[in-house]
Amino acid sequence: MKRFYVMLGVLTLALVAMLVYLLQSNPSAPRAANQAPATVVDDGFRGYTLGSDSAPVEVTEYGDFECPACASFAMVQMPTIKEQLIATGKLRWRYRDYPLPMHPYARLAAHAAQCAGEQGKFWEMHDQLFMNHSWAQTGKNPSALFRDFARAAVIDPDRYDACMESGRYAARIEFSRHEGEQRLVDGTPTFYVNGVKYTGRSTSDAFKAAIESAATARRR
Amino acid sequence: MRHRQAIALLALVGFFIALYLWLHQIGVGGELKCGTGGCETVQASPWAEQLGIPVAFYGVVGYAAILAVALVALQPAWLGRRGPTLLLAALTSVGVLFSAWLTYLELFVIHAICRWCVTSAVLMATIWIVALHALRTTPHAPPSRTPAPRIDP
């Protein structure tokens with residue numbers, strides 16, 4: 001019996017030591033990826049697109065991955081838009097980053113999507129970030145969670161980590177935000193249909209009507 | 001006695017795993033050390049809280065209860081009794097059902113596996129098997145040897 005209590009004591013000490021070790025690491029979000037760079041650089045990039053290059057209508061979305069309205073739009077309306085407008089060749093969709101200043105991890109999320117885009121998986125990461133949007137409500141550093149999303153989007157984790165650490169797309173994201181400001185983006189998501197600010201409702205039906213009307217106007 | 005000792009040691013390990021996950025959920029420490037698993041995905045899912053309480057906290061309480069019962073059951077006054085064995089079997093049955101449900105959620109709803117949660121589920125299943133084995137091998141209380149008082153006519 002005495003041997004058991006000695007064993008119990010030793011095990012408790014070992015477990016306490018392990019717990020302290022596990023709790024000690026406190027990494028912060030990769031700084032370079034999560035902050036606005038000092039200078040804005042145009043690298044010629046104008047956003048990832050979905051749909052045919054020959055589609056008669058293009059919608060540009062200025063979005064913020066931390067914004068609940070953007071997540072709701074991506075999850076509820078976008079599947080129908082993809083199926084009925086993008087897949088049928090009527091519409092091309094362009095995504096531009098517009099991280100809002102009140103969202104602490106919006107730039108980090110935008111950067112994670114860009115790092116996925118570097119490996120040809122921007123839209124997969126875009127969907128992961130919006131589908132699992134609870135990260136935006138916790139207020140906790142979502143870096144590790146984004147790494148899980150990257151794995152789910154079948155991205156090489158080492159390349160992804162290196163990309164996030166380097167913050168190589170921070171300037172691109174800032175350029176996109178500046179561009180949005182110049183185009184008078186006043187919230188997220190904001191849409192432009194063939195370059196004209198869209199003021200209708202953010203529903204798939206309203207988009208269908210707007211896209212058909214834009215296509216008709218273009219034919220004339 | 002061996003059964004109860006084994007249950008106490010396993011419950012102690014489970015308690016610390018649950019404690020680590022709970023402390024992470026309430027914001028103590030940094031990211032979860034998880035290797036290639038999806039711990040953060042699981043922890044950030046809506047299932048990580050039940051009735052407003054972090055799921056890991058149920059684990060902390062559950063393992064603490066099992067550990068406490070096992071330690072009390074090892075005291076000389078309780079050693080020969082079947083009651084603590086029954087209680088351990090009942091507690092671990094609840095624990096194993098809860099763990100099975102959480103594992104189902106990870107596999108089929110959240111689609112991410114948290115290594116710590118799987119380790120906890122395996123621990124709970126092992127404790128449950130030991131508890132059931134103890135139940136089978138612990139004899140029922142022996143009949144009282146005190147003779148009935150004689151009543152003389």
# chains A, B, ... in the order shown; residues from 1 in each chain; ligands from 1
>>> select_by_dssp(residues="segment 15-219 of chain A", states="strand (DSSP E)", output="list in words")
Tyr48, Thr49, Leu50, Val57, Glu58, Val59, Thr60, Glu61, Tyr62, Gly63, Leu91, Arg92, Trp93, Arg94, Tyr95, Arg96, Asp97, Thr190, Phe191, Tyr192, Val193, Val196 and Lys197 of chain A
>>> write_last_selection(atoms="C-alpha atoms", output="PDB file, in the first residue's frame")
ATOM      1  CA  TYR A  48      -8.485  35.860 -56.480  1.00  0.00           C
ATOM      2  CA  THR A  49     -11.358  35.097 -58.803  1.00  0.00           C
ATOM      3  CA  LEU A  50     -13.944  32.378 -59.172  1.00  0.00           C
ATOM      4  CA  VAL A  57     -20.430  40.261 -65.418  1.00  0.00           C
ATOM      5  CA  GLU A  58     -17.912  40.565 -62.622  1.00  0.00           C
ATOM      6  CA  VAL A  59     -18.696  41.128 -58.969  1.00  0.00           C
ATOM      7  CA  THR A  60     -15.919  42.422 -56.757  1.00  0.00           C
ATOM      8  CA  GLU A  61     -16.441  41.778 -53.089  1.00  0.00           C
ATOM      9  CA  TYR A  62     -14.571  43.756 -50.430  1.00  0.00           C
ATOM     10  CA  GLY A  63     -14.641  41.481 -47.428  1.00  0.00           C
ATOM     11  CA  LEU A  91     -20.632  35.652 -63.433  1.00  0.00           C
ATOM     12  CA  ARG A  92     -17.054  35.959 -62.263  1.00  0.00           C
ATOM     13  CA  TRP A  93     -16.458  36.671 -58.577  1.00  0.00           C
ATOM     14  CA  ARG A  94     -13.446  38.607 -57.292  1.00  0.00           C
ATOM     15  CA  TYR A  95     -12.487  38.780 -53.641  1.00  0.00           C
ATOM     16  CA  ARG A  96     -10.592  41.791 -52.259  1.00  0.00           C
ATOM     17  CA  ASP A  97      -9.441  42.187 -48.688  1.00  0.00           C
ATOM     18  CA  THR A 190     -19.380  45.742 -50.111  1.00  0.00           C
ATOM     19  CA  PHE A 191     -19.947  44.660 -53.699  1.00  0.00           C
ATOM     20  CA  TYR A 192     -19.332  46.228 -57.114  1.00  0.00           C
ATOM     21  CA  VAL A 193     -21.147  44.844 -60.132  1.00  0.00           C
ATOM     22  CA  VAL A 196     -20.612  49.966 -60.072  1.00  0.00           C
ATOM     23  CA  LYS A 197     -21.313  49.928 -56.357  1.00  0.00           C
TER      24      LYS A 197
END
>>> residues_around(residues="segment 12-23 of chain B", least_positions_apart="6", cutoff="6 Å", atoms="only C-alpha atoms", output="PDB file with N, CA and C atoms, in the first residue's frame")
ATOM      1  N   ALA B  56     -14.403  20.480 -21.127  1.00  0.00           N
ATOM      2  CA  ALA B  56     -13.254  19.972 -20.384  1.00  0.00           C
ATOM      3  C   ALA B  56     -13.492  20.060 -18.872  1.00  0.00           C
ATOM      4  N   PHE B  57     -14.316  21.032 -18.456  1.00  0.00           N
ATOM      5  CA  PHE B  57     -14.573  21.166 -17.021  1.00  0.00           C
ATOM      6  C   PHE B  57     -15.359  19.955 -16.491  1.00  0.00           C
ATOM      7  N   GLY B  59     -14.922  17.076 -17.564  1.00  0.00           N
ATOM      8  CA  GLY B  59     -13.858  16.075 -17.424  1.00  0.00           C
ATOM      9  C   GLY B  59     -13.113  16.253 -16.118  1.00  0.00           C
ATOM     10  N   VAL B  60     -12.798  17.505 -15.790  1.00  0.00           N
ATOM     11  CA  VAL B  60     -12.079  17.784 -14.529  1.00  0.00           C
ATOM     12  C   VAL B  60     -12.887  17.253 -13.346  1.00  0.00           C
ATOM     13  N   TYR B  63     -13.230  13.200 -13.516  1.00  0.00           N
ATOM     14  CA  TYR B  63     -12.015  12.485 -13.101  1.00  0.00           C
ATOM     15  C   TYR B  63     -11.725  12.705 -11.609  1.00  0.00           C
ATOM     16  N   SER B 120      -7.968  11.035 -23.558  1.00  0.00           N
ATOM     17  CA  SER B 120      -8.886  11.017 -22.422  1.00  0.00           C
ATOM     18  C   SER B 120      -9.952   9.934 -22.615  1.00  0.00           C
TER      19      SER B 120
END
>>> closest_atom_pairs(of="chain B", to="chain A", cutoff="6 Å", atoms="only C-alpha atoms", output="tab-separated table")
residue	atom	partner	partner_atom	distance
B:Gly29	CA	A:Leu23	CA	4.4
B:Gly30	CA	A:Asn26	CA	3.8
B:Gly38	CA	A:Asp148	CA	5.8
B:Glu40	CA	A:Leu145	CA	5.1
B:Thr41	CA	A:Leu145	CA	5.9
>>> write_last_selection(atoms="C-alpha atoms", output="compact mmCIF listing (two decimals), in the first residue's frame")
# COMPACT_ATOMS: atom_id res chain seq x y z
CA GLY B 29 -1.51 29.44 -21.49
CA GLY B 30 -0.95 29.68 -25.20
CA GLY B 38 -7.17 19.44 -34.81
CA GLU B 40 -7.98 24.06 -31.80
CA THR B 41 -10.76 23.21 -34.24
>>> residues_around(residues="segment 123-125 of chain B", least_positions_apart="6", cutoff="9 Å", atoms="only C-alpha atoms", output="list in words")
Leu10, Ala11, Val13, Gly14, Tyr63, Thr92, Ser93, Gly95, Val96, Ser99 and Ala100 of chain B
>>> residues_around(residues="segment 106-108 of chain B", least_positions_apart="4", cutoff="12 Å", atoms="only C-alpha atoms", output="list in words")
Gly37, Gly38, Cys39, Glu40, Thr41, Val42, Gln43, Ala44, Ser45, Pro46, Trp47, Ala48, Ser99, Ala100, Trp101, Leu102, Ala112, Ile113, Cys114, Arg115, Trp116, Cys117, Val118 and Ala121 of chain B
>>> atom_distance(atom1="atom CA of Thr203 of chain A", atom2="atom CA of Pro68 of chain A")
15.2 Å
>>> atom_distance(atom1="atom CA of Ile26 of chain B", atom2="atom CA of Met75 of chain A")
28.4 Å
>>> select_by_dssp(residues="segment 9-153 of chain B", states="helix (DSSP H, G or I)", output="NGL selection string")
:B and (9-25 or 39-44 or 46-48 or 55-73 or 76-78 or 83-110 or 115-137)
>>> write_last_selection(atoms="C-alpha atoms", output="short mmCIF file (atom, residue, chain, number, x, y, z; two decimals), in the first residue's frame")
data_model
loop_
_atom_site.label_atom_id
_atom_site.label_comp_id
_atom_site.auth_asym_id
_atom_site.auth_seq_id
_atom_site.Cartn_x
_atom_site.Cartn_y
_atom_site.Cartn_z
CA LEU B 9 -3.68 6.27 -11.07
CA LEU B 10 -5.52 6.37 -14.40
CA ALA B 11 -8.03 8.93 -13.09
CA LEU B 12 -5.15 11.12 -11.93
CA VAL B 13 -3.71 11.18 -15.46
CA GLY B 14 -7.18 11.89 -16.91
CA PHE B 15 -7.69 14.69 -14.39
CA PHE B 16 -4.54 16.49 -15.55
CA ILE B 17 -5.45 16.12 -19.24
CA ALA B 18 -8.91 17.56 -18.59
CA LEU B 19 -7.37 20.30 -16.44
CA TYR B 20 -5.00 21.27 -19.27
CA LEU B 21 -7.85 21.45 -21.80
CA TRP B 22 -10.04 23.42 -19.41
CA LEU B 23 -7.28 25.92 -18.57
CA HIS B 24 -6.71 26.43 -22.30
CA GLN B 25 -10.43 26.99 -22.84
CA CYS B 39 -7.30 20.38 -31.13
CA GLU B 40 -7.98 24.06 -31.80
CA THR B 41 -10.76 23.21 -34.24
CA VAL B 42 -12.41 20.99 -31.66
CA GLN B 43 -11.89 23.50 -28.85
CA ALA B 44 -13.28 26.36 -30.93
CA PRO B 46 -19.76 25.13 -30.63
CA TRP B 47 -19.64 21.66 -29.04
CA ALA B 48 -16.74 22.68 -26.79
CA VAL B 55 -16.74 20.44 -21.84
CA ALA B 56 -13.25 19.97 -20.38
CA PHE B 57 -14.57 21.17 -17.02
CA TYR B 58 -16.97 18.19 -16.94
CA GLY B 59 -13.86 16.08 -17.42
CA VAL B 60 -12.08 17.78 -14.53
CA VAL B 61 -15.04 17.16 -12.22
CA GLY B 62 -15.61 13.61 -13.50
CA TYR B 63 -12.01 12.48 -13.10
CA ALA B 64 -11.75 14.21 -9.71
CA ALA B 65 -14.85 12.34 -8.53
CA ILE B 66 -13.51 8.98 -9.75
CA LEU B 67 -10.13 9.66 -8.15
CA ALA B 68 -11.75 10.66 -4.84
CA VAL B 69 -13.99 7.56 -4.74
CA ALA B 70 -11.04 5.29 -5.62
CA LEU B 71 -8.88 6.81 -2.88
CA VAL B 72 -11.64 6.56 -0.27
CA ALA B 73 -12.29 2.99 -1.37
CA PRO B 76 -9.13 0.11 5.39
CA ALA B 77 -12.71 0.77 6.45
CA TRP B 78 -13.91 0.46 2.83
CA GLY B 83 -20.41 -0.14 -2.45
CA PRO B 84 -17.41 1.88 -3.75
CA THR B 85 -16.92 -0.67 -6.57
CA LEU B 86 -20.54 -0.17 -7.61
CA LEU B 87 -20.16 3.61 -7.43
CA LEU B 88 -16.97 3.50 -9.53
CA ALA B 89 -18.70 1.34 -12.13
CA ALA B 90 -21.60 3.80 -12.27
CA LEU B 91 -19.38 6.89 -12.50
CA THR B 92 -17.14 5.43 -15.19
CA SER B 93 -20.16 4.21 -17.19
CA VAL B 94 -21.39 7.82 -17.36
CA GLY B 95 -17.86 8.91 -18.24
CA VAL B 96 -17.42 6.38 -21.00
CA LEU B 97 -20.80 7.28 -22.55
CA PHE B 98 -19.91 10.99 -22.47
CA SER B 99 -16.50 10.27 -24.01
CA ALA B 100 -18.08 8.13 -26.72
CA TRP B 101 -20.47 10.96 -27.59
CA LEU B 102 -17.61 13.47 -27.75
CA THR B 103 -15.57 11.15 -29.97
CA TYR B 104 -18.58 10.72 -32.26
CA LEU B 105 -18.86 14.54 -32.51
CA GLU B 106 -15.18 14.85 -33.38
CA LEU B 107 -15.34 12.19 -36.08
CA PHE B 108 -18.69 12.88 -37.70
CA VAL B 109 -19.76 16.43 -36.84
CA ILE B 110 -16.65 18.57 -36.27
CA ARG B 115 -5.37 14.05 -29.54
CA TRP B 116 -5.86 15.03 -25.92
CA CYS B 117 -9.56 14.24 -26.17
CA VAL B 118 -8.84 10.85 -27.75
CA THR B 119 -6.29 10.09 -25.02
CA SER B 120 -8.89 11.02 -22.42
CA ALA B 121 -11.50 8.82 -24.13
CA VAL B 122 -9.08 5.85 -24.17
CA LEU B 123 -8.24 6.46 -20.49
CA MET B 124 -11.90 6.60 -19.53
CA ALA B 125 -12.63 3.41 -21.48
CA THR B 126 -9.73 1.67 -19.71
CA ILE B 127 -10.93 2.86 -16.29
CA TRP B 128 -14.42 1.64 -17.16
CA ILE B 129 -13.12 -1.83 -18.12
CA VAL B 130 -11.12 -2.04 -14.87
CA ALA B 131 -14.18 -0.92 -12.90
CA LEU B 132 -16.37 -3.56 -14.56
CA HIS B 133 -13.74 -6.20 -13.91
CA ALA B 134 -13.62 -5.15 -10.28
CA LEU B 135 -17.39 -5.45 -10.10
CA ARG B 136 -17.20 -9.05 -11.34
CA THR B 137 -14.41 -10.07 -9.01
#
>>> atom_distance(atom1="atom CA of Pro56 of chain A", atom2="atom CA of Ala215 of chain A")
6.0 Å
>>> residues_around(residues="Val76 of chain A", least_positions_apart="4", cutoff="12 Å", atoms="only C-alpha atoms", output="NGL selection string")
:A and (68-72 or 80-82 or 127 or 130-131 or 202-205)
>>> write_last_selection(atoms="C-alpha atoms", output="PDB file, in the first residue's frame")
ATOM      1  CA  PRO A  68     -20.022  38.103 -39.210  1.00  0.00           C
ATOM      2  CA  ALA A  69     -22.065  39.527 -42.103  1.00  0.00           C
ATOM      3  CA  CYS A  70     -19.367  38.386 -44.559  1.00  0.00           C
ATOM      4  CA  ALA A  71     -19.392  34.904 -43.005  1.00  0.00           C
ATOM      5  CA  SER A  72     -23.149  34.724 -43.179  1.00  0.00           C
ATOM      6  CA  THR A  80     -26.536  29.472 -54.603  1.00  0.00           C
ATOM      7  CA  ILE A  81     -24.611  32.221 -56.400  1.00  0.00           C
ATOM      8  CA  LYS A  82     -21.842  29.743 -57.192  1.00  0.00           C
ATOM      9  CA  ASP A 127     -14.385  28.661 -47.004  1.00  0.00           C
ATOM     10  CA  PHE A 130     -15.973  31.481 -42.943  1.00  0.00           C
ATOM     11  CA  MET A 131     -17.389  28.015 -42.245  1.00  0.00           C
ATOM     12  CA  SER A 202     -27.248  40.795 -50.165  1.00  0.00           C
ATOM     13  CA  THR A 203     -29.315  37.802 -51.207  1.00  0.00           C
ATOM     14  CA  SER A 204     -28.748  35.354 -54.028  1.00  0.00           C
ATOM     15  CA  ASP A 205     -32.085  36.321 -55.634  1.00  0.00           C
TER      16      ASP A 205
END
>>> closest_residue(among="A:Lys90, A:Val6, A:Gln84, A:Ser213", to="Gln5 of chain B", atoms="only C-alpha atoms")
A:Val6
>>> decode(residues="segment 123-171 of chain A", atoms="N, CA and C atoms", output="compact mmCIF listing (two decimals), in the first residue's frame")
# COMPACT_ATOMS: atom_id res chain seq x y z
N TRP A 123 -9.53 29.68 -52.20
CA TRP A 123 -10.97 29.55 -51.96
C TRP A 123 -11.28 28.49 -50.91
N GLU A 124 -10.42 27.47 -50.86
CA GLU A 124 -10.60 26.44 -49.83
C GLU A 124 -10.39 27.07 -48.44
N MET A 125 -9.36 27.91 -48.34
CA MET A 125 -9.08 28.56 -47.05
C MET A 125 -10.16 29.59 -46.75
N HIS A 126 -10.60 30.30 -47.76
CA HIS A 126 -11.70 31.27 -47.64
C HIS A 126 -12.91 30.57 -47.01
N ASP A 127 -13.23 29.39 -47.53
CA ASP A 127 -14.39 28.66 -47.00
C ASP A 127 -14.13 28.17 -45.58
N GLN A 128 -12.93 27.71 -45.31
CA GLN A 128 -12.61 27.25 -43.95
C GLN A 128 -12.77 28.39 -42.94
N LEU A 129 -12.27 29.57 -43.31
CA LEU A 129 -12.32 30.72 -42.40
C LEU A 129 -13.75 31.16 -42.12
N PHE A 130 -14.58 31.06 -43.13
CA PHE A 130 -15.97 31.48 -42.94
C PHE A 130 -16.85 30.37 -42.35
N MET A 131 -16.56 29.13 -42.73
CA MET A 131 -17.39 28.01 -42.25
C MET A 131 -17.20 27.80 -40.75
N ASN A 132 -15.97 28.00 -40.29
CA ASN A 132 -15.67 27.76 -38.87
C ASN A 132 -15.52 29.11 -38.16
N HIS A 133 -16.52 29.94 -38.30
CA HIS A 133 -16.35 31.33 -37.93
C HIS A 133 -16.34 31.59 -36.41
N SER A 134 -16.51 30.53 -35.62
CA SER A 134 -16.52 30.75 -34.17
C SER A 134 -15.20 31.34 -33.69
N TRP A 135 -14.11 31.17 -34.46
CA TRP A 135 -12.82 31.75 -34.06
C TRP A 135 -12.92 33.26 -33.88
N ALA A 136 -13.85 33.89 -34.64
CA ALA A 136 -13.96 35.34 -34.60
C ALA A 136 -14.70 35.83 -33.35
N GLN A 137 -15.32 34.90 -32.64
CA GLN A 137 -16.06 35.32 -31.45
C GLN A 137 -15.31 35.08 -30.15
N THR A 138 -14.23 34.31 -30.21
CA THR A 138 -13.56 33.96 -28.96
C THR A 138 -12.62 35.05 -28.46
N GLY A 139 -12.09 35.87 -29.39
CA GLY A 139 -11.15 36.91 -28.99
C GLY A 139 -9.75 36.35 -28.73
N LYS A 140 -9.61 35.02 -28.90
CA LYS A 140 -8.30 34.41 -28.64
C LYS A 140 -7.48 34.35 -29.93
N ASN A 141 -6.18 34.31 -29.77
CA ASN A 141 -5.27 34.22 -30.91
C ASN A 141 -5.61 32.98 -31.75
N PRO A 142 -6.07 33.19 -33.00
CA PRO A 142 -6.50 32.02 -33.79
C PRO A 142 -5.41 31.40 -34.65
N SER A 143 -4.15 31.75 -34.42
CA SER A 143 -3.07 31.26 -35.29
C SER A 143 -3.07 29.74 -35.44
N ALA A 144 -3.18 29.04 -34.29
CA ALA A 144 -3.11 27.58 -34.35
C ALA A 144 -4.34 27.02 -35.07
N LEU A 145 -5.47 27.68 -34.84
CA LEU A 145 -6.70 27.25 -35.51
C LEU A 145 -6.56 27.42 -37.03
N PHE A 146 -5.98 28.53 -37.44
CA PHE A 146 -5.79 28.76 -38.88
C PHE A 146 -4.87 27.70 -39.47
N ARG A 147 -3.92 27.25 -38.66
CA ARG A 147 -3.03 26.18 -39.15
C ARG A 147 -3.84 24.89 -39.36
N ASP A 148 -4.80 24.66 -38.46
CA ASP A 148 -5.69 23.50 -38.65
C ASP A 148 -6.50 23.67 -39.94
N PHE A 149 -6.98 24.89 -40.16
CA PHE A 149 -7.76 25.14 -41.39
C PHE A 149 -6.88 24.89 -42.62
N ALA A 150 -5.63 25.32 -42.51
CA ALA A 150 -4.70 25.14 -43.63
C ALA A 150 -4.53 23.65 -43.93
N ARG A 151 -4.45 22.88 -42.86
CA ARG A 151 -4.31 21.42 -43.07
C ARG A 151 -5.57 20.87 -43.71
N ALA A 152 -6.73 21.37 -43.23
CA ALA A 152 -8.00 20.90 -43.80
C ALA A 152 -8.10 21.28 -45.27
N ALA A 153 -7.49 22.40 -45.63
CA ALA A 153 -7.55 22.84 -47.03
C ALA A 153 -6.43 22.19 -47.85
N VAL A 154 -5.77 21.20 -47.26
CA VAL A 154 -4.69 20.43 -47.89
C VAL A 154 -3.57 21.34 -48.38
N ILE A 155 -3.03 22.07 -47.43
CA ILE A 155 -1.91 22.97 -47.73
C ILE A 155 -0.67 22.42 -47.04
N ASP A 156 0.47 22.56 -47.70
CA ASP A 156 1.73 22.13 -47.10
C ASP A 156 1.97 22.99 -45.84
N PRO A 157 1.92 22.38 -44.64
CA PRO A 157 1.98 23.18 -43.41
C PRO A 157 3.29 23.95 -43.23
N ASP A 158 4.39 23.36 -43.69
CA ASP A 158 5.68 24.04 -43.50
C ASP A 158 5.75 25.32 -44.35
N ARG A 159 5.29 25.20 -45.58
CA ARG A 159 5.28 26.39 -46.46
C ARG A 159 4.32 27.44 -45.91
N TYR A 160 3.20 26.95 -45.39
CA TYR A 160 2.21 27.87 -44.82
C TYR A 160 2.81 28.62 -43.63
N ASP A 161 3.47 27.88 -42.72
CA ASP A 161 4.08 28.51 -41.53
C ASP A 161 5.13 29.55 -41.95
N ALA A 162 5.94 29.18 -42.92
CA ALA A 162 7.00 30.10 -43.37
C ALA A 162 6.37 31.37 -43.96
N CYS A 163 5.30 31.19 -44.70
CA CYS A 163 4.60 32.32 -45.32
C CYS A 163 4.02 33.25 -44.25
N MET A 164 3.40 32.65 -43.23
CA MET A 164 2.79 33.45 -42.17
C MET A 164 3.87 34.19 -41.37
N GLU A 165 4.95 33.51 -41.08
CA GLU A 165 6.02 34.14 -40.31
C GLU A 165 6.62 35.33 -41.06
N SER A 166 6.75 35.17 -42.38
CA SER A 166 7.39 36.22 -43.17
C SER A 166 6.48 37.45 -43.34
N GLY A 167 5.17 37.21 -43.26
CA GLY A 167 4.22 38.31 -43.46
C GLY A 167 4.32 38.91 -44.85
N ARG A 168 4.64 38.07 -45.81
CA ARG A 168 4.97 38.59 -47.15
C ARG A 168 3.78 39.20 -47.89
N TYR A 169 2.56 38.92 -47.43
CA TYR A 169 1.40 39.49 -48.13
C TYR A 169 0.75 40.65 -47.38
N ALA A 170 1.38 41.07 -46.30
CA ALA A 170 0.79 42.17 -45.51
C ALA A 170 0.64 43.43 -46.36
N ALA A 171 1.62 43.70 -47.21
CA ALA A 171 1.56 44.91 -48.05
C ALA A 171 0.46 44.78 -49.09
